[in-house]
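A short write-up of the structure that comes next.
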Amino acid sequence: MNKKSLICLGIGATALMSCSSGSDTSRPNVILLLADDIGYGDLSPYGEPTIHTPQVERLAQRGVRFTDAHAVAATSTPSRYSLLTGHYSWRRNDTGVAAGNAGMIIRPEQQTVADLFRQKGYATGAVGKWHLGLADKTGAQDWNGHITPGPTDIGFDYSYIMAATGDRVPCVWVENERVVGLDPTDSIFVSYHTPFEDEPLGRTHPELLTKLHPSPNHGHNQAIVNGISRIGYMKGGRGALWEDENIADSITEHAIRFIEEHADEPFFLYLGTNDIHVPRYPHPRFVGKSGMGPRGDAILQFDYTVGAVLDVLEREGIADNTLIILTSDNGPVVDDGYADRAVELLGDHRPWGDLRGGKYSNFEAGTRVPLIVSWPRKVKSGVSSALVSQIDFFASMAALLGVLPEEGAAPDSRNALPALLGDDTEGREYVIEKAGSISVYDGEWKYIAPSNGYAYNKLTNTELGNDRQPQLYHISTDLGEQHNVAAEHPDVVERLKQIIADNL
């Protein structure tokens, strides 16, 4: 039996058609809609009564809502790296949170999910937050010319992306690897080491911070762009700078345009929202609507983006045959660097739901994330408790497409398509995650390996879950991870430790 046959076996009748048929009508469009820092309790389908996200509810009503879905890491860059490559980010030492001038984390020689779709003749696009680096190495970007390597080199025919992320310079859009709206007489210069002479900084010119001030001691007090200080130093490119209040609209508009332009052919769209990452400065039409300040308003802005995508799919008549996977890169954080009163205005809302921890944390709230899968033509609506991991997106899409990955590609990814489509209610045997320490969770028990890291992040008010002693939690009865029972169950500890050892 050949390897392609092995991929097709066991993936269910809904996906088998993709392996046996080459007609465009049998191939769904696929949209990976990746939120930023949205927690398990931030979306109303997950039960928190303090927030209403009607468009996410609309999506959930026509798909499967997962209650036990996990990112690989509790921060952006490593989580996204693993999602797109099927390779555990912790296997490398250069996948931490990327600076704005970082070299491209995913190397051109690596096969990505986008490569799979391109191989099958799909139009492929990346729109929105990137935070995976650009160019060959740190500081090597030609911000005033063609920035290469870039998304084109890892499978994306079209790209309209933030150079890094909202709180890091350069604060410009990069379309097809060139800065949008750049005046050639006003060159961009970027540094993460040395300020530029005569360029005001947030820490030295707070009077210029007309929109947001940084939280004390967080370090978001360097280059000032659009009345908000950032991480890193920047000079030039004045005409190309984004306005934070228009970021979500710009992302949404370019995503809609991509869908409209490719409505008559199969497409794959990686749509990364900036919402709700800091600095949170929503468009005026959302300001004050949540009652929770900018963080809550940014959630409503994210919900708008979801609705806009659903609307264009319906207008184009392709909604039924479009597979949408909505998830988040990691768990929530409330104060992450800007004085936006997020803590003060949180009220009774619990971004983490019943979970412990948050972004940056080994505890469940760091990596257990929302996941909704909708494909009206194939997927029945409902709720699934199947254990799933974003590491399996690569192999699952390969199975959907009937594509044999290149030798050595996506070594950690497994076909989870039956679970994603709601046919398999069990899912993975275990998930492995890393957020300082490394942990393994088998759907019942969670083991966190000993670590010398900090137990608590005072800046973000987050329990990080690091401890010099082994930790074991019976998640089935202790979802909030309040009772470390490692001493009472040494056999379980040894079994889970062995799983980690087998995967190192």
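Each chain of the structure tokens is named A, B, ... in the order shown, its residues numbered from 1; ligands are numbered from 1 in display order.
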
*Mind checking which residues fall within 10 Å of Leu504 of chain A, counting only C-alpha atoms, ignoring those fewer than 2 positions away in the same chain, and posting them as number ranges by chain?*
A: 88, 90-91, 498-502

Generate the output file for the selected residues, C-alpha atoms, as a PDB file, in the first residue's frame.
ATOM      1  CA  TYR A  88       6.849  21.675  17.569  1.00  0.00           C
ATOM      2  CA  TRP A  90      10.119  23.969  21.224  1.00  0.00           C
ATOM      3  CA  ARG A  91      12.352  21.752  19.085  1.00  0.00           C
ATOM      4  CA  GLN A 498       7.709   9.035  29.514  1.00  0.00           C
ATOM      5  CA  ILE A 499       5.453  10.528  26.864  1.00  0.00           C
ATOM      6  CA  ILE A 500       7.495  13.726  26.987  1.00  0.00           C
ATOM      7  CA  ALA A 501      10.750  11.751  26.871  1.00  0.00           C
ATOM      8  CA  ASP A 502       9.521   9.788  23.858  1.00  0.00           C
TER       9      ASP A 502
END

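By only C-alpha atoms, and with residues fewer than 5 positions from Arg62 of chain A along its chain excluded, the set lying at most 7 Å from it is Ser374, Pro376 and Ser381 of chain A.
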
Please, could you write that set of residues out with C-alpha atoms as a PDB file, in the first residue's frame?
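That gives us out.pdb:
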ATOM      1  CA  SER A 374     -17.756  25.147  10.182  1.00  0.00           C
ATOM      2  CA  PRO A 376     -22.073  23.480   6.195  1.00  0.00           C
ATOM      3  CA  SER A 381     -23.506  21.513  14.132  1.00  0.00           C
TER       4      SER A 381
END

_Would you compute the distance between atom CA of Arg368 of chain A and atom CA of Ser389 of chain A? Give it in Å to one decimal._
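Result for atom CA of Arg368 of chain A versus atom CA of Ser389 of chain A: 9.1 Å, one decimal.
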
*DSSP-assigned alpha helix (DSSP H) members of segment 241-458 of chain A, reported as an MDAnalysis selection string*: chainID A and resid 247:261 293:315 364:367 393:401 417:420

*A:Gly232, A:Gly239, A:Pro214, A:Gly103: which is nearest Val179 of chain A, counting only C-alpha atoms?*
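Counting only C-alpha atoms, the residue closest to Val179 of chain A is A:Gly239.
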
*Give me the residues within 10 Å of Pro184 of chain A as number ranges by chain, counting only C-alpha atoms and dropping any in the same chain fewer than 2 places off.*
A: 144-145, 181-182, 186-188, 237

Each residue of segment 243-277 of chain A with at least one atom at most 12 Å from segment 293-306 of chain A should appear once, together with its nearest atom pair and the corresponding distance in Å (one decimal); atoms considered: only C-alpha atoms; ordering: chain, then increasing residue number; output as CSV.
residue,atom,partner,partner_atom,distance
A:Asp244,CA,A:Ala298,CA,11.4
A:Glu245,CA,A:Ala298,CA,10.1
A:Asn246,CA,A:Gln301,CA,10.8
A:Ile247,CA,A:Gln301,CA,10.4
A:Ala248,CA,A:Gln301,CA,7.3
A:Asp249,CA,A:Thr305,CA,8.0
A:Ser250,CA,A:Thr305,CA,10.4
A:Ile251,CA,A:Thr305,CA,8.6
A:Thr252,CA,A:Thr305,CA,5.9
A:Glu253,CA,A:Thr305,CA,9.2
A:His254,CA,A:Thr305,CA,11.2
A:Ala255,CA,A:Thr305,CA,9.4
A:Ile256,CA,A:Thr305,CA,9.7
A:Leu271,CA,A:Thr305,CA,10.0
A:Gly272,CA,A:Phe302,CA,10.5
A:Thr273,CA,A:Phe302,CA,7.3
A:Asn274,CA,A:Phe302,CA,8.5
A:Asp275,CA,A:Phe302,CA,5.8
A:Ile276,CA,A:Ala298,CA,5.5
A:His277,CA,A:Arg295,CA,8.6

The selected residues should be written to file as a PDB file, in the first residue's frame (atoms: N, CA and C atoms).
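Heads up, here's the output in part_25.pdb:
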ATOM      1  N   ASP A 244      -3.985  52.907  14.217  1.00  0.00           N
ATOM      2  CA  ASP A 244      -4.449  51.742  14.972  1.00  0.00           C
ATOM      3  C   ASP A 244      -5.949  51.543  14.897  1.00  0.00           C
ATOM      4  N   GLU A 245      -6.709  52.628  14.900  1.00  0.00           N
ATOM      5  CA  GLU A 245      -8.157  52.523  14.861  1.00  0.00           C
ATOM      6  C   GLU A 245      -8.682  51.954  13.546  1.00  0.00           C
ATOM      7  N   ASN A 246      -7.817  51.903  12.526  1.00  0.00           N
ATOM      8  CA  ASN A 246      -8.225  51.381  11.218  1.00  0.00           C
ATOM      9  C   ASN A 246      -7.618  50.023  10.891  1.00  0.00           C
ATOM     10  N   ILE A 247      -6.853  49.451  11.825  1.00  0.00           N
ATOM     11  CA  ILE A 247      -6.182  48.181  11.542  1.00  0.00           C
ATOM     12  C   ILE A 247      -7.183  47.079  11.227  1.00  0.00           C
ATOM     13  N   ALA A 248      -8.193  46.916  12.061  1.00  0.00           N
ATOM     14  CA  ALA A 248      -9.155  45.828  11.853  1.00  0.00           C
ATOM     15  C   ALA A 248      -9.879  45.985  10.527  1.00  0.00           C
ATOM     16  N   ASP A 249     -10.274  47.215  10.195  1.00  0.00           N
ATOM     17  CA  ASP A 249     -10.962  47.437   8.921  1.00  0.00           C
ATOM     18  C   ASP A 249     -10.057  47.116   7.741  1.00  0.00           C
ATOM     19  N   SER A 250      -8.787  47.484   7.836  1.00  0.00           N
ATOM     20  CA  SER A 250      -7.863  47.213   6.741  1.00  0.00           C
ATOM     21  C   SER A 250      -7.680  45.713   6.529  1.00  0.00           C
ATOM     22  N   ILE A 251      -7.536  44.987   7.627  1.00  0.00           N
ATOM     23  CA  ILE A 251      -7.411  43.532   7.534  1.00  0.00           C
ATOM     24  C   ILE A 251      -8.674  42.929   6.934  1.00  0.00           C
ATOM     25  N   THR A 252      -9.822  43.350   7.436  1.00  0.00           N
ATOM     26  CA  THR A 252     -11.093  42.797   6.971  1.00  0.00           C
ATOM     27  C   THR A 252     -11.322  43.103   5.498  1.00  0.00           C
ATOM     28  N   GLU A 253     -11.060  44.332   5.091  1.00  0.00           N
ATOM     29  CA  GLU A 253     -11.269  44.717   3.697  1.00  0.00           C
ATOM     30  C   GLU A 253     -10.387  43.917   2.745  1.00  0.00           C
ATOM     31  N   HIS A 254      -9.149  43.700   3.112  1.00  0.00           N
ATOM     32  CA  HIS A 254      -8.260  42.934   2.229  1.00  0.00           C
ATOM     33  C   HIS A 254      -8.633  41.457   2.205  1.00  0.00           C
ATOM     34  N   ALA A 255      -9.129  40.946   3.320  1.00  0.00           N
ATOM     35  CA  ALA A 255      -9.598  39.560   3.332  1.00  0.00           C
ATOM     36  C   ALA A 255     -10.818  39.412   2.425  1.00  0.00           C
ATOM     37  N   ILE A 256     -11.743  40.336   2.526  1.00  0.00           N
ATOM     38  CA  ILE A 256     -12.941  40.291   1.687  1.00  0.00           C
ATOM     39  C   ILE A 256     -12.558  40.383   0.212  1.00  0.00           C
ATOM     40  N   LEU A 271      -6.135  34.114   7.760  1.00  0.00           N
ATOM     41  CA  LEU A 271      -6.620  35.428   8.176  1.00  0.00           C
ATOM     42  C   LEU A 271      -6.305  35.618   9.658  1.00  0.00           C
ATOM     43  N   GLY A 272      -5.266  36.397   9.936  1.00  0.00           N
ATOM     44  CA  GLY A 272      -4.856  36.649  11.315  1.00  0.00           C
ATOM     45  C   GLY A 272      -5.294  38.029  11.761  1.00  0.00           C
ATOM     46  N   THR A 273      -6.217  38.100  12.692  1.00  0.00           N
ATOM     47  CA  THR A 273      -6.651  39.410  13.167  1.00  0.00           C
ATOM     48  C   THR A 273      -5.633  39.971  14.155  1.00  0.00           C
ATOM     49  N   ASN A 274      -5.593  41.284  14.247  1.00  0.00           N
ATOM     50  CA  ASN A 274      -4.791  41.917  15.289  1.00  0.00           C
ATOM     51  C   ASN A 274      -5.562  41.945  16.603  1.00  0.00           C
ATOM     52  N   ASP A 275      -6.858  41.857  16.512  1.00  0.00           N
ATOM     53  CA  ASP A 275      -7.698  41.825  17.715  1.00  0.00           C
ATOM     54  C   ASP A 275      -7.551  40.500  18.426  1.00  0.00           C
ATOM     55  N   ILE A 276      -7.268  40.494  19.757  1.00  0.00           N
ATOM     56  CA  ILE A 276      -7.368  41.680  20.584  1.00  0.00           C
ATOM     57  C   ILE A 276      -6.012  42.033  21.220  1.00  0.00           C
ATOM     58  N   HIS A 277      -4.951  41.874  20.444  1.00  0.00           N
ATOM     59  CA  HIS A 277      -3.600  42.151  20.929  1.00  0.00           C
ATOM     60  C   HIS A 277      -3.438  43.636  21.239  1.00  0.00           C
TER      61      HIS A 277
END

*asked:* Give me the residues near Pro450 of chain A as a ChimeraX atom specification, where near means some atom within 12 Å (using only C-alpha atoms) and where sequence neighbours in that chain fewer than 3 positions away do not count.
replied: /A:362,436-439,447,453-455,465-472,486,493,497

*What is the distance between atom CA of Val485 of chain A and atom CA of Asn452 of chain A, in Å to one decimal?*
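That distance, rounded to one decimal, is 19.7 Å.
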
_Quick one: residues within 8 Å of Gly86 of chain A, only C-alpha atoms, excluding same-chain residues fewer than 6 positions away - as a ChimeraX atom specification?_
/A:112,391-395,409-413

How about saving the chosen residues, C-alpha atoms kept, as a short mmCIF file (atom, residue, chain, number, x, y, z; two decimals), in the first residue's frame?
data_model
loop_
_atom_site.label_atom_id
_atom_site.label_comp_id
_atom_site.auth_asym_id
_atom_site.auth_seq_id
_atom_site.Cartn_x
_atom_site.Cartn_y
_atom_site.Cartn_z
CA THR A 112 3.89 24.72 5.14
CA ILE A 391 -0.07 20.97 15.67
CA ASP A 392 -2.33 18.67 13.63
CA PHE A 393 -3.64 21.32 11.25
CA PHE A 394 -0.93 20.48 8.70
CA ALA A 395 -1.59 16.73 8.51
CA ALA A 409 7.84 17.79 6.67
CA ALA A 410 5.52 18.32 9.64
CA PRO A 411 7.10 15.57 11.76
CA ASP A 412 4.87 16.23 14.76
CA SER A 413 1.56 16.61 12.96
#

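Of the listed residues A:Asp42, A:Asp424, A:Asp167, A:Glu463, the one whose atoms come nearest to Asp348 of chain A is A:Asp42, with distances taken using only C-alpha atoms.
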
*Atom-to-atom span, atom CA of Ala223 of chain A and atom CA of Tyr81 of chain A, Å*: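 Separation between atom CA of Ala223 of chain A and atom CA of Tyr81 of chain A: 27.1 Å.
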
*In terms of the shortest atom-to-atom distance over only C-alpha atoms, which of A:Gly427, A:Asn457, A:Glu364, A:Asp442 is closest to Gln482 of chain A?*
A:Glu364

Close residues, segment 313-320 of chain A itself excluded, 10 Å, only C-alpha atoms, min 3 positions apart in chain, as a PDB file with C-alpha atoms, in the first residue's frame:
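What landed in selection-v4.pdb:
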ATOM      1  CA  PRO A  28     -13.776  23.291  -0.172  1.00  0.00           C
ATOM      2  CA  ASN A  29     -12.397  26.754   0.236  1.00  0.00           C
ATOM      3  CA  ARG A  62     -23.412  26.092  11.758  1.00  0.00           C
ATOM      4  CA  ILE A 256     -12.941  40.291   1.687  1.00  0.00           C
ATOM      5  CA  ILE A 259     -12.337  36.111  -1.193  1.00  0.00           C
ATOM      6  CA  GLU A 260     -14.183  38.065  -3.890  1.00  0.00           C
ATOM      7  CA  HIS A 262     -11.075  34.019  -5.882  1.00  0.00           C
ATOM      8  CA  ALA A 263     -14.727  33.094  -5.371  1.00  0.00           C
ATOM      9  CA  ASP A 264     -14.742  31.122  -8.640  1.00  0.00           C
ATOM     10  CA  PRO A 266     -10.726  27.067  -4.570  1.00  0.00           C
ATOM     11  CA  GLY A 307     -19.472  38.516  10.430  1.00  0.00           C
ATOM     12  CA  ALA A 308     -17.976  40.316   7.448  1.00  0.00           C
ATOM     13  CA  VAL A 309     -16.301  37.089   6.314  1.00  0.00           C
ATOM     14  CA  LEU A 310     -19.534  35.119   6.675  1.00  0.00           C
ATOM     15  CA  LEU A 323     -14.401  25.241   5.657  1.00  0.00           C
ATOM     16  CA  ILE A 324     -13.793  27.867   8.351  1.00  0.00           C
ATOM     17  CA  SER A 374     -17.756  25.147  10.182  1.00  0.00           C
ATOM     18  CA  TRP A 375     -18.310  23.524   6.791  1.00  0.00           C
ATOM     19  CA  PRO A 376     -22.073  23.480   6.195  1.00  0.00           C
ATOM     20  CA  ARG A 377     -21.860  21.032   3.323  1.00  0.00           C
ATOM     21  CA  LYS A 378     -20.082  18.429   5.445  1.00  0.00           C
ATOM     22  CA  VAL A 379     -20.129  19.262   9.148  1.00  0.00           C
TER      23      VAL A 379
END

_DSSP strand (DSSP E) selection over segment 29-65 of chain A, as a list of chain:residue names_ =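 Those in segment 29-65 of chain A that DSSP calls strand (DSSP E) are A:Asn29, A:Val30, A:Ile31, A:Leu32, A:Leu33, A:Leu34, A:Ala35, A:Gly63, A:Val64, A:Arg65.
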
*Pick the closest to Glu177 of chain A from A:Asp478, A:Glu344, A:Glu57, A:Asp157: which is it, counting only C-alpha atoms?*
A:Asp157

*Residue contacts of Val333 of chain A (7 Å, only C-alpha atoms) excluding same-chain residues fewer than 4 positions away, as a PyMOL selection string*: chain A and resi 37+358-359+460

*Go through A:Thr53, A:Asp68, A:Val172, A:Thr327 and flag the residue nearest Arg80 of chain A, using only C-alpha atoms for the distances.*
A:Thr327
